[in-house]
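Notes to accompany the following structure.
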Amino acid sequence: MVVRWHQLFNGNALSQRFVREEPLSEAEQNRLHILIDEWRARLCDISWFMRVLNEAIAREA
């Protein structure tokens with residue numbers, strides 16, 4: 001899930017550390033799980049996807 005998110009977005013320092021397989025504290029793991037749930041919901045939400053898509057198009061215009 002995190003790798004898929006990073007294919008579209010940069011993520012954050014915590015998710016980048018996770019992808020590099022660096023050790024995370026229990027609190028960091030809990031926060032990462034919250035982020036993953038949020039990202040999963042966003043990736044499944046078509047209106048959120050359209051907003052991101054329109055923003056990218058507007059920036060190029």
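Residues in the structure tokens are named by chain (A, B, ... in the order shown) and by number from 1 within that chain; ligands are numbered from 1 in the order shown.
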
Spatial neighbours of A:Trp5, 12 Å, only C-alpha atoms, chain gap at least 4 places, as a list in words: Met1, Phe9, Asn10, Gly11, Asn12, Ser15, Gln16, Val19, Leu35, Ile36, Asp37, Glu38, Trp39, Arg40, Ala41, Arg42, Leu43 and Cys44 of chain A

Of the listed residues A:Phe18, A:Pro23, A:Leu8, A:Glu28, that which approaches A:Leu53 most closely, counting only C-alpha atoms: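 Looking at the shortest contact to A:Leu53, the residue is A:Leu8.
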
Of the listed residues A:Ala61, A:Asp45, A:Glu55, A:Arg17, that which approaches A:Val3 most closely, counting only C-alpha atoms: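 Comparing A:Ala61, A:Asp45, A:Glu55, A:Arg17 against A:Val3, the winner is A:Arg17.
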
Secondary structure check, helix (DSSP H, G or I) residues of chain A, as an NGL selection string: :A and (2-8 or 13-19 or 26-44 or 46-60)
